[in-house]
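**Q** Supplied structure: structure-v2.pdb, PDB, C-alpha atoms.
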ATOM      1  CA  GLY D   1     -15.851  21.029  29.808  1.00  0.00           C
ATOM      2  CA  ILE D   2     -16.659  18.974  32.848  1.00  0.00           C
ATOM      3  CA  GLN D   3     -13.808  17.205  34.648  1.00  0.00           C
ATOM      4  CA  VAL D   4     -14.580  13.793  36.133  1.00  0.00           C
ATOM      5  CA  GLU D   5     -12.332  12.263  38.774  1.00  0.00           C
ATOM      6  CA  GLN D   6     -12.652   8.761  40.173  1.00  0.00           C
ATOM      7  CA  SER D   7     -11.198   7.218  43.284  1.00  0.00           C
ATOM      8  CA  PRO D   8      -9.560   4.984  44.191  1.00  0.00           C
ATOM      9  CA  PRO D   9      -7.736   4.160  40.947  1.00  0.00           C
ATOM     10  CA  ASP D  10      -7.155   0.566  42.052  1.00  0.00           C
ATOM     11  CA  LEU D  11      -8.906  -1.617  44.598  1.00  0.00           C
ATOM     12  CA  ILE D  12      -8.167  -5.215  45.567  1.00  0.00           C
ATOM     13  CA  LEU D  13     -10.671  -7.024  47.763  1.00  0.00           C
ATOM     14  CA  GLN D  14     -11.506 -10.502  48.907  1.00  0.00           C
ATOM     15  CA  GLU D  15     -14.672 -12.161  47.727  1.00  0.00           C
ATOM     16  CA  GLY D  16     -17.570 -11.219  49.975  1.00  0.00           C
ATOM     17  CA  ALA D  17     -16.254  -7.762  50.867  1.00  0.00           C
ATOM     18  CA  ASN D  18     -18.134  -4.519  50.279  1.00  0.00           C
ATOM     19  CA  SER D  19     -16.735  -1.558  48.364  1.00  0.00           C
ATOM     20  CA  THR D  20     -17.463   2.075  47.630  1.00  0.00           C
ATOM     21  CA  LEU D  21     -16.279   3.792  44.473  1.00  0.00           C
ATOM     22  CA  ARG D  22     -16.384   7.577  44.217  1.00  0.00           C
ATOM     23  CA  CYS D  23     -16.873   9.928  41.289  1.00  0.00           C
ATOM     24  CA  ASN D  24     -16.402  13.701  41.621  1.00  0.00           C
ATOM     25  CA  PHE D  25     -17.363  16.136  38.893  1.00  0.00           C
ATOM     26  CA  SER D  26     -16.224  19.715  38.506  1.00  0.00           C
ATOM     27  CA  ASP D  27     -19.535  21.429  37.742  1.00  0.00           C
ATOM     28  CA  SER D  28     -23.266  20.871  37.633  1.00  0.00           C
ATOM     29  CA  VAL D  29     -24.395  17.994  35.464  1.00  0.00           C
ATOM     30  CA  ASN D  30     -27.832  16.918  34.294  1.00  0.00           C
ATOM     31  CA  ASN D  31     -26.999  13.244  34.370  1.00  0.00           C
ATOM     32  CA  LEU D  32     -24.402  10.801  35.586  1.00  0.00           C
ATOM     33  CA  GLN D  33     -23.835   7.248  34.412  1.00  0.00           C
ATOM     34  CA  TRP D  34     -21.880   4.319  35.816  1.00  0.00           C
ATOM     35  CA  PHE D  35     -20.418   1.611  33.591  1.00  0.00           C
ATOM     36  CA  HIS D  36     -18.562  -1.652  34.135  1.00  0.00           C
ATOM     37  CA  GLN D  37     -16.022  -2.650  31.494  1.00  0.00           C
ATOM     38  CA  ASN D  38     -15.725  -6.403  31.285  1.00  0.00           C
ATOM     39  CA  PRO D  39     -12.489  -8.240  30.363  1.00  0.00           C
ATOM     40  CA  TRP D  40     -13.558  -8.284  26.698  1.00  0.00           C
ATOM     41  CA  GLY D  41     -13.802  -4.517  26.588  1.00  0.00           C
ATOM     42  CA  GLN D  42     -17.557  -4.049  26.515  1.00  0.00           C
ATOM     43  CA  LEU D  43     -18.994  -1.259  28.614  1.00  0.00           C
ATOM     44  CA  ILE D  44     -22.073  -2.360  30.502  1.00  0.00           C
ATOM     45  CA  ASN D  45     -24.421   0.360  31.685  1.00  0.00           C
ATOM     46  CA  LEU D  46     -25.009  -0.047  35.416  1.00  0.00           C
ATOM     47  CA  PHE D  47     -26.879   3.110  36.371  1.00  0.00           C
ATOM     48  CA  TYR D  48     -28.243   6.249  34.789  1.00  0.00           C
ATOM     49  CA  ILE D  49     -28.529   8.396  37.895  1.00  0.00           C
ATOM     50  CA  PRO D  50     -28.785  12.209  37.655  1.00  0.00           C
ATOM     51  CA  SER D  51     -29.655  12.409  41.347  1.00  0.00           C
ATOM     52  CA  GLY D  52     -30.882  10.307  44.236  1.00  0.00           C
ATOM     53  CA  THR D  53     -30.311   6.618  44.855  1.00  0.00           C
ATOM     54  CA  LYS D  54     -30.922   3.535  42.748  1.00  0.00           C
ATOM     55  CA  GLN D  55     -30.387  -0.113  43.514  1.00  0.00           C
ATOM     56  CA  ASN D  56     -29.960  -3.142  41.301  1.00  0.00           C
ATOM     57  CA  GLY D  57     -29.272  -6.343  43.209  1.00  0.00           C
ATOM     58  CA  ARG D  58     -25.940  -6.095  45.028  1.00  0.00           C
ATOM     59  CA  LEU D  59     -25.166  -2.771  43.374  1.00  0.00           C
ATOM     60  CA  SER D  60     -26.463   0.612  44.293  1.00  0.00           C
ATOM     61  CA  ALA D  61     -25.570   4.175  43.354  1.00  0.00           C
ATOM     62  CA  THR D  62     -26.154   7.562  44.871  1.00  0.00           C
ATOM     63  CA  THR D  63     -25.656  10.923  43.192  1.00  0.00           C
ATOM     64  CA  VAL D  64     -25.615  14.124  45.229  1.00  0.00           C
ATOM     65  CA  ALA D  65     -25.784  16.650  42.427  1.00  0.00           C
ATOM     66  CA  THR D  66     -25.562  19.703  44.702  1.00  0.00           C
ATOM     67  CA  GLU D  67     -22.236  18.466  46.097  1.00  0.00           C
ATOM     68  CA  ARG D  68     -20.986  17.194  42.728  1.00  0.00           C
ATOM     69  CA  TYR D  69     -20.297  13.579  43.513  1.00  0.00           C
ATOM     70  CA  SER D  70     -21.656  10.111  42.972  1.00  0.00           C
ATOM     71  CA  LEU D  71     -20.961   6.845  44.791  1.00  0.00           C
ATOM     72  CA  LEU D  72     -21.211   3.275  43.563  1.00  0.00           C
ATOM     73  CA  TYR D  73     -21.642   0.601  46.217  1.00  0.00           C
ATOM     74  CA  ILE D  74     -20.916  -3.062  45.612  1.00  0.00           C
ATOM     75  CA  SER D  75     -21.938  -5.436  48.367  1.00  0.00           C
ATOM     76  CA  SER D  76     -20.881  -9.062  48.868  1.00  0.00           C
ATOM     77  CA  SER D  77     -18.368  -8.830  46.014  1.00  0.00           C
ATOM     78  CA  GLN D  78     -17.955 -11.747  43.618  1.00  0.00           C
ATOM     79  CA  THR D  79     -15.036 -12.514  41.319  1.00  0.00           C
ATOM     80  CA  THR D  80     -17.256 -11.623  38.364  1.00  0.00           C
ATOM     81  CA  ASP D  81     -17.403  -8.048  39.687  1.00  0.00           C
ATOM     82  CA  SER D  82     -13.767  -7.612  38.702  1.00  0.00           C
ATOM     83  CA  GLY D  83     -13.051  -5.130  35.966  1.00  0.00           C
ATOM     84  CA  VAL D  84     -12.916  -1.390  35.486  1.00  0.00           C
ATOM     85  CA  TYR D  85     -15.729   0.861  36.656  1.00  0.00           C
ATOM     86  CA  PHE D  86     -16.258   4.193  34.944  1.00  0.00           C
ATOM     87  CA  CYS D  87     -18.471   7.124  35.680  1.00  0.00           C
ATOM     88  CA  ALA D  88     -19.394   9.582  32.950  1.00  0.00           C
ATOM     89  CA  ALA D  89     -21.139  12.937  32.690  1.00  0.00           C
ATOM     90  CA  PRO D  90     -22.123  15.215  29.792  1.00  0.00           C
ATOM     91  CA  ILE D  91     -19.090  17.033  28.387  1.00  0.00           C
ATOM     92  CA  SER D  92     -20.734  20.421  28.876  1.00  0.00           C
ATOM     93  CA  GLY D  93     -22.519  19.464  32.070  1.00  0.00           C
ATOM     94  CA  GLY D  94     -26.034  20.241  31.011  1.00  0.00           C
ATOM     95  CA  GLY D  95     -25.921  19.568  27.317  1.00  0.00           C
ATOM     96  CA  ALA D  96     -26.388  16.607  25.010  1.00  0.00           C
ATOM     97  CA  ASP D  97     -22.964  16.747  23.427  1.00  0.00           C
ATOM     98  CA  GLY D  98     -21.440  13.431  24.395  1.00  0.00           C
ATOM     99  CA  LEU D  99     -20.038  12.053  27.626  1.00  0.00           C
ATOM    100  CA  THR D 100     -16.745  12.652  29.362  1.00  0.00           C
ATOM    101  CA  PHE D 101     -15.442   9.693  31.314  1.00  0.00           C
ATOM    102  CA  GLY D 102     -13.319   9.418  34.414  1.00  0.00           C
ATOM    103  CA  LYS D 103     -10.129   7.341  34.315  1.00  0.00           C
ATOM    104  CA  GLY D 104     -11.879   4.490  36.068  1.00  0.00           C
ATOM    105  CA  THR D 105     -11.448   2.335  39.161  1.00  0.00           C
ATOM    106  CA  HIS D 106      -9.770  -0.991  38.497  1.00  0.00           C
ATOM    107  CA  LEU D 107     -11.394  -3.500  40.847  1.00  0.00           C
ATOM    108  CA  ILE D 108      -9.929  -6.938  41.483  1.00  0.00           C
ATOM    109  CA  ILE D 109     -11.940  -9.411  43.547  1.00  0.00           C
ATOM    110  CA  GLN D 110      -9.830 -12.301  44.769  1.00  0.00           C
ATOM    111  CA  PRO D 111     -11.418 -15.685  45.619  1.00  0.00           C
TER     112      PRO D 111
ATOM    113  CA  LYS Y 112     -33.841  -7.507  21.711  1.00  0.00           C
ATOM    114  CA  ALA Y 113     -30.416  -7.643  20.063  1.00  0.00           C
ATOM    115  CA  GLY Y 114     -27.717  -5.426  21.494  1.00  0.00           C
ATOM    116  CA  VAL Y 115     -25.298  -3.113  19.731  1.00  0.00           C
ATOM    117  CA  THR Y 116     -23.236  -4.969  17.147  1.00  0.00           C
ATOM    118  CA  GLN Y 117     -19.826  -3.813  15.993  1.00  0.00           C
ATOM    119  CA  THR Y 118     -17.744  -5.235  13.181  1.00  0.00           C
ATOM    120  CA  PRO Y 119     -15.005  -6.161  12.749  1.00  0.00           C
ATOM    121  CA  ARG Y 120     -13.981  -7.041  16.301  1.00  0.00           C
ATOM    122  CA  TYR Y 121     -10.255  -7.032  15.572  1.00  0.00           C
ATOM    123  CA  LEU Y 122      -8.187  -5.649  12.755  1.00  0.00           C
ATOM    124  CA  ILE Y 123      -4.605  -4.828  11.944  1.00  0.00           C
ATOM    125  CA  LYS Y 124      -3.601  -2.073   9.556  1.00  0.00           C
ATOM    126  CA  THR Y 125      -0.387  -0.338   8.596  1.00  0.00           C
ATOM    127  CA  ARG Y 126       0.422   3.370   8.769  1.00  0.00           C
ATOM    128  CA  GLY Y 127      -1.090   5.372   5.939  1.00  0.00           C
ATOM    129  CA  GLN Y 128      -3.960   2.976   5.291  1.00  0.00           C
ATOM    130  CA  GLN Y 129      -7.576   3.738   6.020  1.00  0.00           C
ATOM    131  CA  VAL Y 130     -10.136   1.759   7.991  1.00  0.00           C
ATOM    132  CA  THR Y 131     -13.930   1.589   8.189  1.00  0.00           C
ATOM    133  CA  LEU Y 132     -15.742   0.315  11.268  1.00  0.00           C
ATOM    134  CA  SER Y 133     -19.411  -0.555  11.408  1.00  0.00           C
ATOM    135  CA  CYS Y 134     -22.025  -0.308  14.152  1.00  0.00           C
ATOM    136  CA  SER Y 135     -25.604  -1.549  14.224  1.00  0.00           C
ATOM    137  CA  PRO Y 136     -27.557   0.042  17.096  1.00  0.00           C
ATOM    138  CA  ILE Y 137     -30.316  -1.472  19.167  1.00  0.00           C
ATOM    139  CA  SER Y 138     -33.528  -1.612  17.167  1.00  0.00           C
ATOM    140  CA  GLY Y 139     -35.441   1.638  17.578  1.00  0.00           C
ATOM    141  CA  HIS Y 140     -32.448   3.641  18.774  1.00  0.00           C
ATOM    142  CA  ARG Y 141     -31.701   6.594  16.513  1.00  0.00           C
ATOM    143  CA  SER Y 142     -28.647   8.060  18.224  1.00  0.00           C
ATOM    144  CA  VAL Y 143     -25.272   6.446  17.614  1.00  0.00           C
ATOM    145  CA  SER Y 144     -22.113   7.715  19.307  1.00  0.00           C
ATOM    146  CA  TRP Y 145     -18.511   6.676  18.814  1.00  0.00           C
ATOM    147  CA  TYR Y 146     -15.748   6.670  21.430  1.00  0.00           C
ATOM    148  CA  GLN Y 147     -12.040   5.962  21.293  1.00  0.00           C
ATOM    149  CA  GLN Y 148     -10.348   4.230  24.222  1.00  0.00           C
ATOM    150  CA  THR Y 149      -6.564   4.245  24.628  1.00  0.00           C
ATOM    151  CA  PRO Y 150      -4.400   3.507  27.686  1.00  0.00           C
ATOM    152  CA  GLY Y 151      -3.023   7.039  27.672  1.00  0.00           C
ATOM    153  CA  GLN Y 152      -6.112   9.166  26.962  1.00  0.00           C
ATOM    154  CA  GLY Y 153      -8.848   6.907  28.291  1.00  0.00           C
ATOM    155  CA  LEU Y 154     -12.320   7.103  26.780  1.00  0.00           C
ATOM    156  CA  GLN Y 155     -12.866  10.055  24.472  1.00  0.00           C
ATOM    157  CA  PHE Y 156     -15.965  11.115  22.552  1.00  0.00           C
ATOM    158  CA  LEU Y 157     -15.544  11.126  18.781  1.00  0.00           C
ATOM    159  CA  PHE Y 158     -18.952  12.070  17.366  1.00  0.00           C
ATOM    160  CA  GLU Y 159     -22.657  11.360  17.466  1.00  0.00           C
ATOM    161  CA  TYR Y 160     -25.136  10.798  14.665  1.00  0.00           C
ATOM    162  CA  PHE Y 161     -28.898  11.128  14.792  1.00  0.00           C
ATOM    163  CA  SER Y 162     -31.241  10.671  11.835  1.00  0.00           C
ATOM    164  CA  GLU Y 163     -28.304  10.531   9.407  1.00  0.00           C
ATOM    165  CA  THR Y 164     -26.877  13.857  10.629  1.00  0.00           C
ATOM    166  CA  GLN Y 165     -23.784  14.473  12.694  1.00  0.00           C
ATOM    167  CA  ARG Y 166     -25.149  16.235  15.728  1.00  0.00           C
ATOM    168  CA  ASN Y 167     -22.082  16.452  17.962  1.00  0.00           C
ATOM    169  CA  LYS Y 168     -18.349  16.172  17.421  1.00  0.00           C
ATOM    170  CA  GLY Y 169     -15.442  15.697  19.789  1.00  0.00           C
ATOM    171  CA  ASN Y 170     -11.946  17.122  19.493  1.00  0.00           C
ATOM    172  CA  PHE Y 171     -10.449  14.824  16.861  1.00  0.00           C
ATOM    173  CA  PRO Y 172      -8.754  15.664  13.538  1.00  0.00           C
ATOM    174  CA  GLY Y 173     -10.611  15.537  10.266  1.00  0.00           C
ATOM    175  CA  ARG Y 174      -9.091  12.130   9.488  1.00  0.00           C
ATOM    176  CA  PHE Y 175     -11.850  10.756  11.694  1.00  0.00           C
ATOM    177  CA  SER Y 176     -15.230  10.804  10.014  1.00  0.00           C
ATOM    178  CA  GLY Y 177     -18.479   8.964  10.131  1.00  0.00           C
ATOM    179  CA  ARG Y 178     -21.904   8.608   8.672  1.00  0.00           C
ATOM    180  CA  GLN Y 179     -25.267   7.138   9.515  1.00  0.00           C
ATOM    181  CA  PHE Y 180     -27.662   5.380   7.210  1.00  0.00           C
ATOM    182  CA  SER Y 181     -31.447   5.537   7.090  1.00  0.00           C
ATOM    183  CA  ASN Y 182     -31.701   2.312   9.129  1.00  0.00           C
ATOM    184  CA  SER Y 183     -29.581   3.988  11.885  1.00  0.00           C
ATOM    185  CA  ARG Y 184     -26.554   1.820  11.216  1.00  0.00           C
ATOM    186  CA  SER Y 185     -23.375   3.853  11.422  1.00  0.00           C
ATOM    187  CA  GLU Y 186     -19.867   3.666  10.092  1.00  0.00           C
ATOM    188  CA  MET Y 187     -16.750   5.495  11.127  1.00  0.00           C
ATOM    189  CA  ASN Y 188     -13.708   5.940   8.950  1.00  0.00           C
ATOM    190  CA  VAL Y 189     -10.148   6.808   9.827  1.00  0.00           C
ATOM    191  CA  SER Y 190      -7.934   7.831   6.935  1.00  0.00           C
ATOM    192  CA  THR Y 191      -4.146   8.002   6.764  1.00  0.00           C
ATOM    193  CA  LEU Y 192      -3.734   5.871   9.851  1.00  0.00           C
ATOM    194  CA  GLU Y 193      -1.105   6.755  12.433  1.00  0.00           C
ATOM    195  CA  LEU Y 194       0.408   4.569  15.134  1.00  0.00           C
ATOM    196  CA  GLY Y 195      -1.468   6.596  17.730  1.00  0.00           C
ATOM    197  CA  ASP Y 196      -4.790   5.547  16.234  1.00  0.00           C
ATOM    198  CA  SER Y 197      -4.326   2.100  17.731  1.00  0.00           C
ATOM    199  CA  ALA Y 198      -7.239   1.836  20.131  1.00  0.00           C
ATOM    200  CA  LEU Y 199     -10.485   0.209  21.070  1.00  0.00           C
ATOM    201  CA  TYR Y 200     -13.296   1.958  19.193  1.00  0.00           C
ATOM    202  CA  LEU Y 201     -16.631   1.715  20.956  1.00  0.00           C
ATOM    203  CA  CYS Y 202     -20.029   2.440  19.543  1.00  0.00           C
ATOM    204  CA  ALA Y 203     -23.013   3.302  21.733  1.00  0.00           C
ATOM    205  CA  SER Y 204     -26.669   3.651  20.921  1.00  0.00           C
ATOM    206  CA  SER Y 205     -29.347   5.614  22.699  1.00  0.00           C
ATOM    207  CA  PRO Y 206     -33.047   6.196  22.077  1.00  0.00           C
ATOM    208  CA  GLY Y 207     -32.597   9.976  22.146  1.00  0.00           C
ATOM    209  CA  THR Y 208     -29.472  11.972  22.869  1.00  0.00           C
ATOM    210  CA  ALA Y 209     -25.722  11.508  23.057  1.00  0.00           C
ATOM    211  CA  THR Y 210     -25.932  11.909  26.823  1.00  0.00           C
ATOM    212  CA  GLY Y 211     -28.939   9.702  27.395  1.00  0.00           C
ATOM    213  CA  GLU Y 212     -28.667   6.200  28.753  1.00  0.00           C
ATOM    214  CA  LEU Y 213     -26.035   4.631  26.496  1.00  0.00           C
ATOM    215  CA  PHE Y 214     -25.702   1.001  25.467  1.00  0.00           C
ATOM    216  CA  PHE Y 215     -22.318  -0.012  24.127  1.00  0.00           C
ATOM    217  CA  GLY Y 216     -21.159  -2.649  21.718  1.00  0.00           C
ATOM    218  CA  GLU Y 217     -18.162  -4.898  22.309  1.00  0.00           C
ATOM    219  CA  GLY Y 218     -15.886  -2.620  20.337  1.00  0.00           C
ATOM    220  CA  SER Y 219     -13.492  -2.870  17.432  1.00  0.00           C
ATOM    221  CA  ARG Y 220      -9.862  -3.226  18.422  1.00  0.00           C
ATOM    222  CA  LEU Y 221      -7.607  -1.564  15.863  1.00  0.00           C
ATOM    223  CA  THR Y 222      -3.866  -2.096  15.782  1.00  0.00           C
ATOM    224  CA  VAL Y 223      -1.786   0.122  13.498  1.00  0.00           C
ATOM    225  CA  LEU Y 224       1.698  -1.168  12.645  1.00  0.00           C
TER     226      LEU Y 224
END
Let me see the structure of the file written as structure tokens.
**A**
Amino acid sequence: GIQVEQSPPDLILQEGANSTLRCNFSDSVNNLQWFHQNPWGQLINLFYIPSGTKQNGRLSATTVATERYSLLYISSSQTTDSGVYFCAAPISGGGADGLTFGKGTHLIIQP
Amino acid sequence: KAGVTQTPRYLIKTRGQQVTLSCSPISGHRSVSWYQQTPGQGLQFLFEYFSETQRNKGNFPGRFSGRQFSNSRSEMNVSTLELGDSALYLCASSPGTATGELFFGEGSRLTVL
């Protein structure tokens, strides 16, 4: 199945800073999703982004499917952005057989 | 529109017991997937149900099972619990497929003693 790798594993920033999180995948995928896990454990869907760029407020994501990576940008970070960010892709790449997740980027935003 | 609801939120069991977790998907969503999250293995796909049928299954032993009812609510069961089953169990619903845009519940945190 697809392998998903995220970097960096940990990131500590001051409030107001910008950040870029990276997700590499080992083979072609037909979709890519970004999630934020809050301190209570819930996964919040940020982007469903098979290709191209999407923006939602201070967050944006870009997936370059041909080069097998996706980026999540967070601008003007706030303490509420803290948590773990995961990217996920279909286990078989192009199928509908469940998602495989990366190990996540643990983001800490300090006031 | 109500989100995905999972019950119970927390539970403690002992080795050898069994446990049943429940998930109510977003209204109108027919696909329900289950994931296990542990510190060591991360997030792993358990199985997916659609229209009361298991459509996809991850690489877990037969002690892990599930079902889906006609109203799309789903349950998962773990029999003969082991210490390693301690985890956060997350349910996700989707309008269509197991790899479509997923919406997760808050999870059920299981501790096995």
**Q** Written as a CSV table (one decimal) with C-alpha atoms, keeping the file's coordinate frame, what is the full residue list that the PyMOL selection byres ((chain D) within 6 of (chain Y)) yields on the file shown?
**A**
chain,number,residue,atom,x,y,z
D,42,GLN,CA,-17.6,-4.0,26.5
D,43,LEU,CA,-19.0,-1.3,28.6
D,90,PRO,CA,-22.1,15.2,29.8
D,96,ALA,CA,-26.4,16.6,25.0
D,97,ASP,CA,-23.0,16.7,23.4
D,98,GLY,CA,-21.4,13.4,24.4
D,99,LEU,CA,-20.0,12.1,27.6
**Q** Could you jot down the CA of Gln110 in chain D to CA of Ser82 in chain D separation for me, Å, one decimal place?
**A**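 We find that CA of Gln110 in chain D and CA of Ser82 in chain D lie 8.6 Å from each other.
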**Q** Do you know which residues the PyMOL selection byres ((chain D and resi 65) around 8) returns on this file, as number ranges by chain?
**A** D: 28-29, 50-51, 63-64, 66-70
**Q** Would you compute the distance between CA of Phe47 in chain D and CA of Gly177 in chain Y? Give it in Å to one decimal.
**A**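 Those two atoms sit 28.2 Å apart.
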**Q** Using the chain letters and numbering of this document, enumerate as number ranges by chain the residues selected by the PyMOL selection byres ((chain Y and resi 129) around 8).
**A** Y: 124, 127-128, 130-131, 188-192
**Q** So that I can see what lies close to Leu122 in chain Y, please list as number ranges by chain the residues with an atom at most 7 Å from it, counting only C-alpha atoms and leaving out residues fewer than 3 positions away in the same chain.
**A** Y: 119, 220-222
**Q** In Å to one decimal, how far is CA of Tyr160 in chain Y from CA of Ser183 in chain Y?
**A**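 So the answer is 8.6 Å.
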